[in-house]
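Okay, entry-v4.cif now, which holds mmCIF, C-alpha atoms:
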```cif
data_my_file
loop_
_atom_site.group_PDB
_atom_site.id
_atom_site.type_symbol
_atom_site.label_atom_id
_atom_site.label_comp_id
_atom_site.auth_asym_id
_atom_site.auth_seq_id
_atom_site.Cartn_x
_atom_site.Cartn_y
_atom_site.Cartn_z
ATOM 1 C CA MET A 181 0.000 0.000 0.000
ATOM 2 C CA ILE A 182 2.860 2.395 0.861
ATOM 3 C CA LEU A 183 4.561 1.564 -2.438
ATOM 4 C CA ILE A 184 1.408 2.503 -4.371
ATOM 5 C CA LEU A 185 1.180 5.834 -2.516
ATOM 6 C CA ILE A 186 4.852 6.600 -3.248
ATOM 7 C CA LEU A 187 4.369 5.770 -6.932
ATOM 8 C CA ALA A 188 1.242 7.947 -7.070
ATOM 9 C CA ALA A 189 3.115 10.845 -5.437
ATOM 10 C CA VAL A 190 6.028 10.505 -7.892
ATOM 11 C CA ALA A 191 3.602 10.385 -10.834
ATOM 12 C CA ALA A 192 1.777 13.479 -9.546
ATOM 13 C CA ILE A 193 5.030 15.406 -9.107
ATOM 14 C CA TRP A 194 6.150 14.384 -12.612
ATOM 15 C CA ALA A 195 2.780 15.423 -14.085
ATOM 16 C CA VAL A 196 2.884 18.845 -12.366
ATOM 17 C CA LYS A 197 6.449 19.505 -13.540
ATOM 18 C CA ARG A 198 5.632 18.491 -17.107
ATOM 19 C CA TYR A 199 2.473 20.622 -17.093
ATOM 20 C CA LYS A 200 4.436 23.677 -15.916
ATOM 21 C CA LYS A 201 7.167 23.092 -18.488
ATOM 22 C CA GLU A 202 5.116 22.148 -21.563
ATOM 23 C CA GLY A 203 1.592 23.275 -20.721
ATOM 24 C CA THR A 204 0.249 19.748 -20.918
ATOM 25 C CA VAL A 205 0.789 16.408 -19.259
ATOM 26 C CA LEU A 206 0.419 14.429 -22.474
ATOM 27 C CA LYS A 207 2.671 14.856 -25.493
ATOM 28 C CA LYS A 208 1.398 17.352 -28.011
ATOM 29 C CA LYS A 209 0.584 16.030 -31.420
ATOM 30 C CA PRO A 210 2.858 17.711 -33.969
ATOM 31 C CA GLU A 211 1.076 20.198 -36.205
ATOM 32 C CA PRO A 212 0.875 19.222 -39.845
ATOM 33 C CA SER A 213 2.925 21.382 -42.166
ATOM 34 C CA PRO A 214 1.197 24.231 -44.039
ATOM 35 C CA TYR A 215 1.913 22.322 -47.257
ATOM 36 C CA HIS A 216 0.079 19.187 -46.086
ATOM 37 C CA VAL A 217 -2.864 21.166 -44.739
ATOM 38 C CA ALA A 218 -3.218 23.130 -47.983
ATOM 39 C CA MET A 219 -2.947 20.069 -50.218
ATOM 40 C CA THR A 220 -5.482 18.140 -48.139
ATOM 41 C CA ARG A 221 -7.947 21.027 -48.204
ATOM 42 C CA LEU A 222 -7.428 21.511 -51.970
ATOM 43 C CA ARG A 223 -8.212 17.828 -52.613
ATOM 44 C CA GLU A 224 -11.315 18.100 -50.408
ATOM 45 C CA LEU A 225 -12.436 21.215 -52.310
ATOM 46 C CA LYS A 226 -12.001 19.463 -55.638
ATOM 47 C CA ALA A 227 -14.022 16.487 -54.382
ATOM 48 C CA LYS A 228 -16.953 18.765 -53.470
ATOM 49 C CA ASN A 229 -17.450 19.737 -57.147
ATOM 50 C CA LEU A 230 -18.842 23.118 -56.143
ATOM 51 C CA TRP A 231 -18.295 24.971 -59.402
ATOM 52 C CA GLU A 232 -19.845 22.102 -61.383
ATOM 53 C CA GLN A 233 -22.976 22.597 -59.261
ATOM 54 C CA GLY A 234 -23.144 26.319 -60.076
ATOM 55 C CA MET A 235 -21.680 27.362 -56.717
ATOM 56 C CA GLU A 236 -18.768 29.370 -58.109
ATOM 57 C CA LYS A 237 -18.813 31.950 -55.315
ATOM 58 C CA GLU A 238 -18.493 29.269 -52.616
ATOM 59 C CA TYR A 239 -15.805 27.515 -54.662
ATOM 60 C CA PHE A 240 -13.668 30.628 -55.001
ATOM 61 C CA THR A 241 -14.277 31.672 -51.407
ATOM 62 C CA GLN A 242 -12.973 28.330 -50.167
ATOM 63 C CA LEU A 243 -10.111 28.300 -52.683
ATOM 64 C CA THR A 244 -8.896 31.755 -51.670
ATOM 65 C CA ASP A 245 -9.284 30.893 -47.967
ATOM 66 C CA ILE A 246 -7.050 27.848 -48.437
ATOM 67 C CA LEU A 247 -4.503 30.000 -50.232
ATOM 68 C CA ARG A 248 -4.663 32.786 -47.635
ATOM 69 C CA ILE A 249 -4.193 30.345 -44.738
ATOM 70 C CA TYR A 250 -1.259 28.767 -46.554
ATOM 71 C CA LEU A 251 0.348 32.182 -47.089
ATOM 72 C CA ASP A 252 -0.104 32.990 -43.405
ATOM 73 C CA ARG A 253 1.269 29.711 -42.060
ATOM 74 C CA ARG A 254 4.042 29.256 -44.625
ATOM 75 C CA PHE A 255 5.303 32.821 -45.135
ATOM 76 C CA GLY A 256 3.859 34.766 -42.207
ATOM 77 C CA ILE A 257 1.751 36.943 -44.535
ATOM 78 C CA ASN A 258 -1.485 37.778 -42.705
ATOM 79 C CA ALA A 259 -3.439 37.293 -45.914
ATOM 80 C CA MET A 260 -6.802 36.756 -44.202
ATOM 81 C CA GLU A 261 -6.818 40.434 -43.255
ATOM 82 C CA MET A 262 -5.522 41.768 -46.587
ATOM 83 C CA THR A 263 -7.009 42.763 -49.888
ATOM 84 C CA SER A 264 -5.892 41.017 -53.041
ATOM 85 C CA ARG A 265 -3.711 43.999 -53.948
ATOM 86 C CA GLU A 266 -2.005 43.967 -50.543
ATOM 87 C CA ILE A 267 -1.310 40.252 -50.875
ATOM 88 C CA MET A 268 0.255 40.775 -54.291
ATOM 89 C CA ASP A 269 2.428 43.596 -52.930
ATOM 90 C CA ARG A 270 3.630 41.395 -50.055
ATOM 91 C CA LEU A 271 4.395 38.544 -52.454
ATOM 92 C CA TYR A 272 6.431 40.904 -54.608
ATOM 93 C CA ASP A 273 8.539 41.774 -51.565
ATOM 94 C CA SER A 274 9.011 38.101 -50.621
ATOM 95 C CA ASP A 275 11.173 35.270 -51.916
ATOM 96 C CA VAL A 276 8.345 33.891 -54.074
ATOM 97 C CA LYS A 277 7.873 36.828 -56.417
ATOM 98 C CA ASP A 278 8.470 34.535 -59.420
ATOM 99 C CA LYS A 279 5.478 32.401 -58.328
ATOM 100 C CA ARG A 280 3.062 35.245 -57.724
ATOM 101 C CA ASP A 281 1.425 34.986 -61.159
ATOM 102 C CA TYR A 282 -0.352 31.876 -59.894
ATOM 103 C CA VAL A 283 -1.798 33.827 -56.993
ATOM 104 C CA ARG A 284 -2.646 36.849 -59.162
ATOM 105 C CA GLN A 285 -4.758 34.712 -61.511
ATOM 106 C CA ILE A 286 -6.622 33.066 -58.643
ATOM 107 C CA LEU A 287 -7.318 36.304 -56.782
ATOM 108 C CA SER A 288 -8.363 38.281 -59.861
ATOM 109 C CA VAL A 289 -10.899 35.667 -60.975
ATOM 110 C CA ALA A 290 -12.079 35.206 -57.373
ATOM 111 C CA ASP A 291 -12.623 38.953 -56.967
ATOM 112 C CA PHE A 292 -14.737 39.054 -60.130
ATOM 113 C CA VAL A 293 -16.773 36.052 -59.024
ATOM 114 C CA LYS A 294 -17.280 37.148 -55.415
ATOM 115 C CA PHE A 295 -17.801 40.879 -55.879
ATOM 116 C CA ALA A 296 -18.903 41.472 -59.473
ATOM 117 C CA LYS A 297 -20.992 38.289 -59.605
ATOM 118 C CA VAL A 298 -19.292 37.172 -62.826
ATOM 119 C CA ARG A 299 -19.763 33.537 -63.842
ATOM 120 C CA PRO A 300 -16.339 32.234 -64.808
ATOM 121 C CA LEU A 301 -15.767 29.814 -67.651
ATOM 122 C CA PRO A 302 -15.088 26.190 -66.698
ATOM 123 C CA ALA A 303 -11.508 26.683 -67.902
ATOM 124 C CA ASP A 304 -11.091 29.542 -65.403
ATOM 125 C CA ASN A 305 -12.276 27.328 -62.548
ATOM 126 C CA ILE A 306 -9.882 24.552 -63.515
ATOM 127 C CA ALA A 307 -6.993 26.985 -64.055
ATOM 128 C CA ALA A 308 -7.554 28.576 -60.641
ATOM 129 C CA TYR A 309 -7.438 25.184 -58.921
ATOM 130 C CA GLU A 310 -4.370 24.080 -60.865
ATOM 131 C CA ASN A 311 -2.593 27.378 -60.118
ATOM 132 C CA ALA A 312 -3.304 26.943 -56.404
ATOM 133 C CA VAL A 313 -1.830 23.441 -56.495
ATOM 134 C CA LYS A 314 1.205 24.641 -58.477
ATOM 135 C CA PHE A 315 1.814 27.519 -56.065
ATOM 136 C CA VAL A 316 1.635 25.280 -53.002
ATOM 137 C CA GLU A 317 3.789 22.583 -54.624
ATOM 138 C CA GLU A 318 6.439 25.013 -55.839
ATOM 139 C CA THR A 319 6.688 26.877 -52.531
ATOM 140 C CA LYS A 320 6.697 23.941 -50.141
ATOM 141 C CA PRO A 321 9.692 23.937 -47.821
ATOM 142 C CA GLU A 322 12.460 21.639 -48.942
ATOM 143 C CA PRO A 323 13.509 19.143 -46.283
ATOM 144 C CA VAL A 324 17.065 19.660 -45.133
ATOM 145 C CA VAL A 325 19.213 16.582 -45.492
ATOM 146 C CA GLN A 326 21.397 15.963 -42.462
ATOM 147 C CA PRO A 327 24.815 14.468 -43.273
ATOM 148 C CA SER A 328 25.106 10.789 -42.458
ATOM 149 C CA ASP A 329 27.707 9.449 -40.040
ATOM 150 C CA SER A 330 29.856 8.217 -42.926
ATOM 151 C CA GLN A 331 30.027 11.725 -44.436
ATOM 152 C CA GLU A 332 30.934 13.298 -41.099
ATOM 153 C CA SER A 333 33.646 10.774 -40.313
ATOM 154 C CA SER A 334 35.204 11.050 -43.775
ATOM 155 C CA GLY A 335 35.288 14.840 -43.484
ATOM 156 C CA VAL A 336 32.944 15.356 -46.435
ATOM 157 C CA THR A 337 30.715 18.367 -46.011
ATOM 158 C CA SER A 338 28.447 20.068 -48.444
ATOM 159 C CA GLY A 339 29.484 23.521 -47.321
ATOM 160 C CA ALA A 340 25.840 24.373 -46.702
ATOM 161 C CA LYS A 341 24.587 25.296 -43.279
ATOM 162 C CA ASN A 342 22.370 22.586 -41.833
ATOM 163 C CA VAL A 343 19.121 24.048 -40.575
ATOM 164 C CA SER A 344 15.806 22.503 -39.804
ATOM 165 C CA VAL A 345 12.711 23.241 -41.843
ATOM 166 C CA LYS A 346 11.332 25.344 -38.959
ATOM 167 C CA GLU A 347 14.518 27.417 -38.839
ATOM 168 C CA ALA A 348 14.443 27.853 -42.607
ATOM 169 C CA LYS A 349 10.805 28.959 -42.366
ATOM 170 C CA LYS A 350 11.590 31.456 -39.630
ATOM 171 C CA GLY A 351 14.419 32.854 -41.714
ATOM 172 C CA GLY A 352 12.028 33.314 -44.659
ATOM 173 C CA GLU A 353 9.528 35.224 -42.534
ATOM 174 C CA SER A 354 11.902 38.033 -41.615
#
```

What does the file become when written as structure tokens?
Amino acid sequence: MILILILAAVAAIWAVKRYKKEGTVLKKKPEPSPYHVAMTRLRELKAKNLWEQGMEKEYFTQLTDILRIYLDRRFGINAMEMTSREIMDRLYDSDVKDKRDYVRQILSVADFVKFAKVRPLPADNIAAYENAVKFVEETKPEPVVQPSDSQESSGVTSGAKNVSVKEAKKGGES
């Protein structure tokens, strides 16, 4: 009985210390990357077939929301609170200015659909989706390859600084 009480006290002390240190007793589930979240949501949007059902406004609203959330989580651009023009200006100032034509096409068609009540052609709907996928694919963070033990022991180095994906992301947000 005393052994059970001692074990319970040790477990309680451990739980309190872990809670103070990490804010939770249980391990936190790692957040999915912005790339994976965006690609999953894009596939789900495509599966809904909204524009084929005549729901172009809902389709473009969801498509631009996916893109805006991706821009926020991946590049630190608070796109949910910005106009299309402000987003384009921020992209021009960022490292992805060569990819911003994808975003420009999506946002310009979306603005016409949402605010001018224009019915886009089926090709415009498809192009907007494909441009969103291309943008997300082409701007996903590249995983950093850590040198293996054999490379380190032989003295072979790539000359590149090894940083984690999170560190690379933080560096891109500055």

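Atom pair atom CA of A:Leu230 / atom CA of A:Asn305 has a distance of 10.1 Å (rounded to one decimal).
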
Counting only C-alpha atoms, the residue among A:Pro323, A:Ala188, A:Leu225, A:Ile257 that lies closest to A:Glu238 is A:Leu225

Might you spell out which residues the PyMOL selection byres ((chain A and resi 265-278) around 9) would select in the displayed file, as a list in words? Arg248, Phe255, Ile257, Asn258, Ala259, Met262, Thr263, Ser264, Lys279, Arg280, Asp281, Val283, Arg284, Leu287, Thr319, Gly352 and Glu353 of chain A

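Across the model, the gap from atom CA of A:Leu206 to atom CA of A:Ile193 is 14.2 Å.
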
Return the single residue from A:Val196, A:Ile182, A:Ala308, A:Ala218 that is closest to A:Tyr250, with distances computed using only C-alpha atoms. A:Ala218

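In this model, the gap between atom CA of A:Arg223 and atom CA of A:Glu261 comes to 24.5 Å.
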
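Of the residues under consideration (A:Glu236, A:Tyr282, A:Lys314, A:Glu211), A:Glu236 shows the shortest atom-to-atom contact distance to A:Leu301 when counting all atoms listed in the file.
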
Show me, as a VMD selection string, the residues that have an atom within 12 Å of A:Lys294 when counting only C-alpha atoms, minus same-chain residues fewer than 6 positions from it. chain A and resid 235 to 244 286 to 288 300

As a VMD selection string, please: the residues near stretch 207-210 of chain A (cut-off 12 Å, all atoms listed in the file, same-chain neighbours under 6 positions excluded). chain A and resid 195 198 to 199 201

Find the residues near A:Ala303: any atom within 12 Å, counting only C-alpha atoms, skip ones fewer than 4 places away on the same chain, and give them as number ranges by chain. A: 231-232, 289, 299, 307-311

Stretch 216-233 of chain A, all listed atoms, 8 Å padding on each side: what axis-aligned box centre and edge lengths in Å to one decimal come out, as AutoDock Vina command-line options?
```
--center_x -11.4 --center_y 20.7 --center_z -53.1 --size_x 39.1 --size_y 24.5 --size_z 32.6
```

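Considering the residues A:Ile184, A:Val293, A:Val217, A:Ala227 and counting all atoms listed in the file, A:Leu251 has its shortest atom-to-atom contact with A:Val217.
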
Residue nearest A:Ile246 among A:Met181, A:Val205, A:Met219, A:Ala192 (counting only C-alpha atoms): A:Met219

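Neighbouring residues of A:His216 at 10 Å or closer, counting only C-alpha atoms and skipping chain neighbours under 6 positions away, are Leu222, Tyr250, Val316, Glu317 and Lys320 of chain A.
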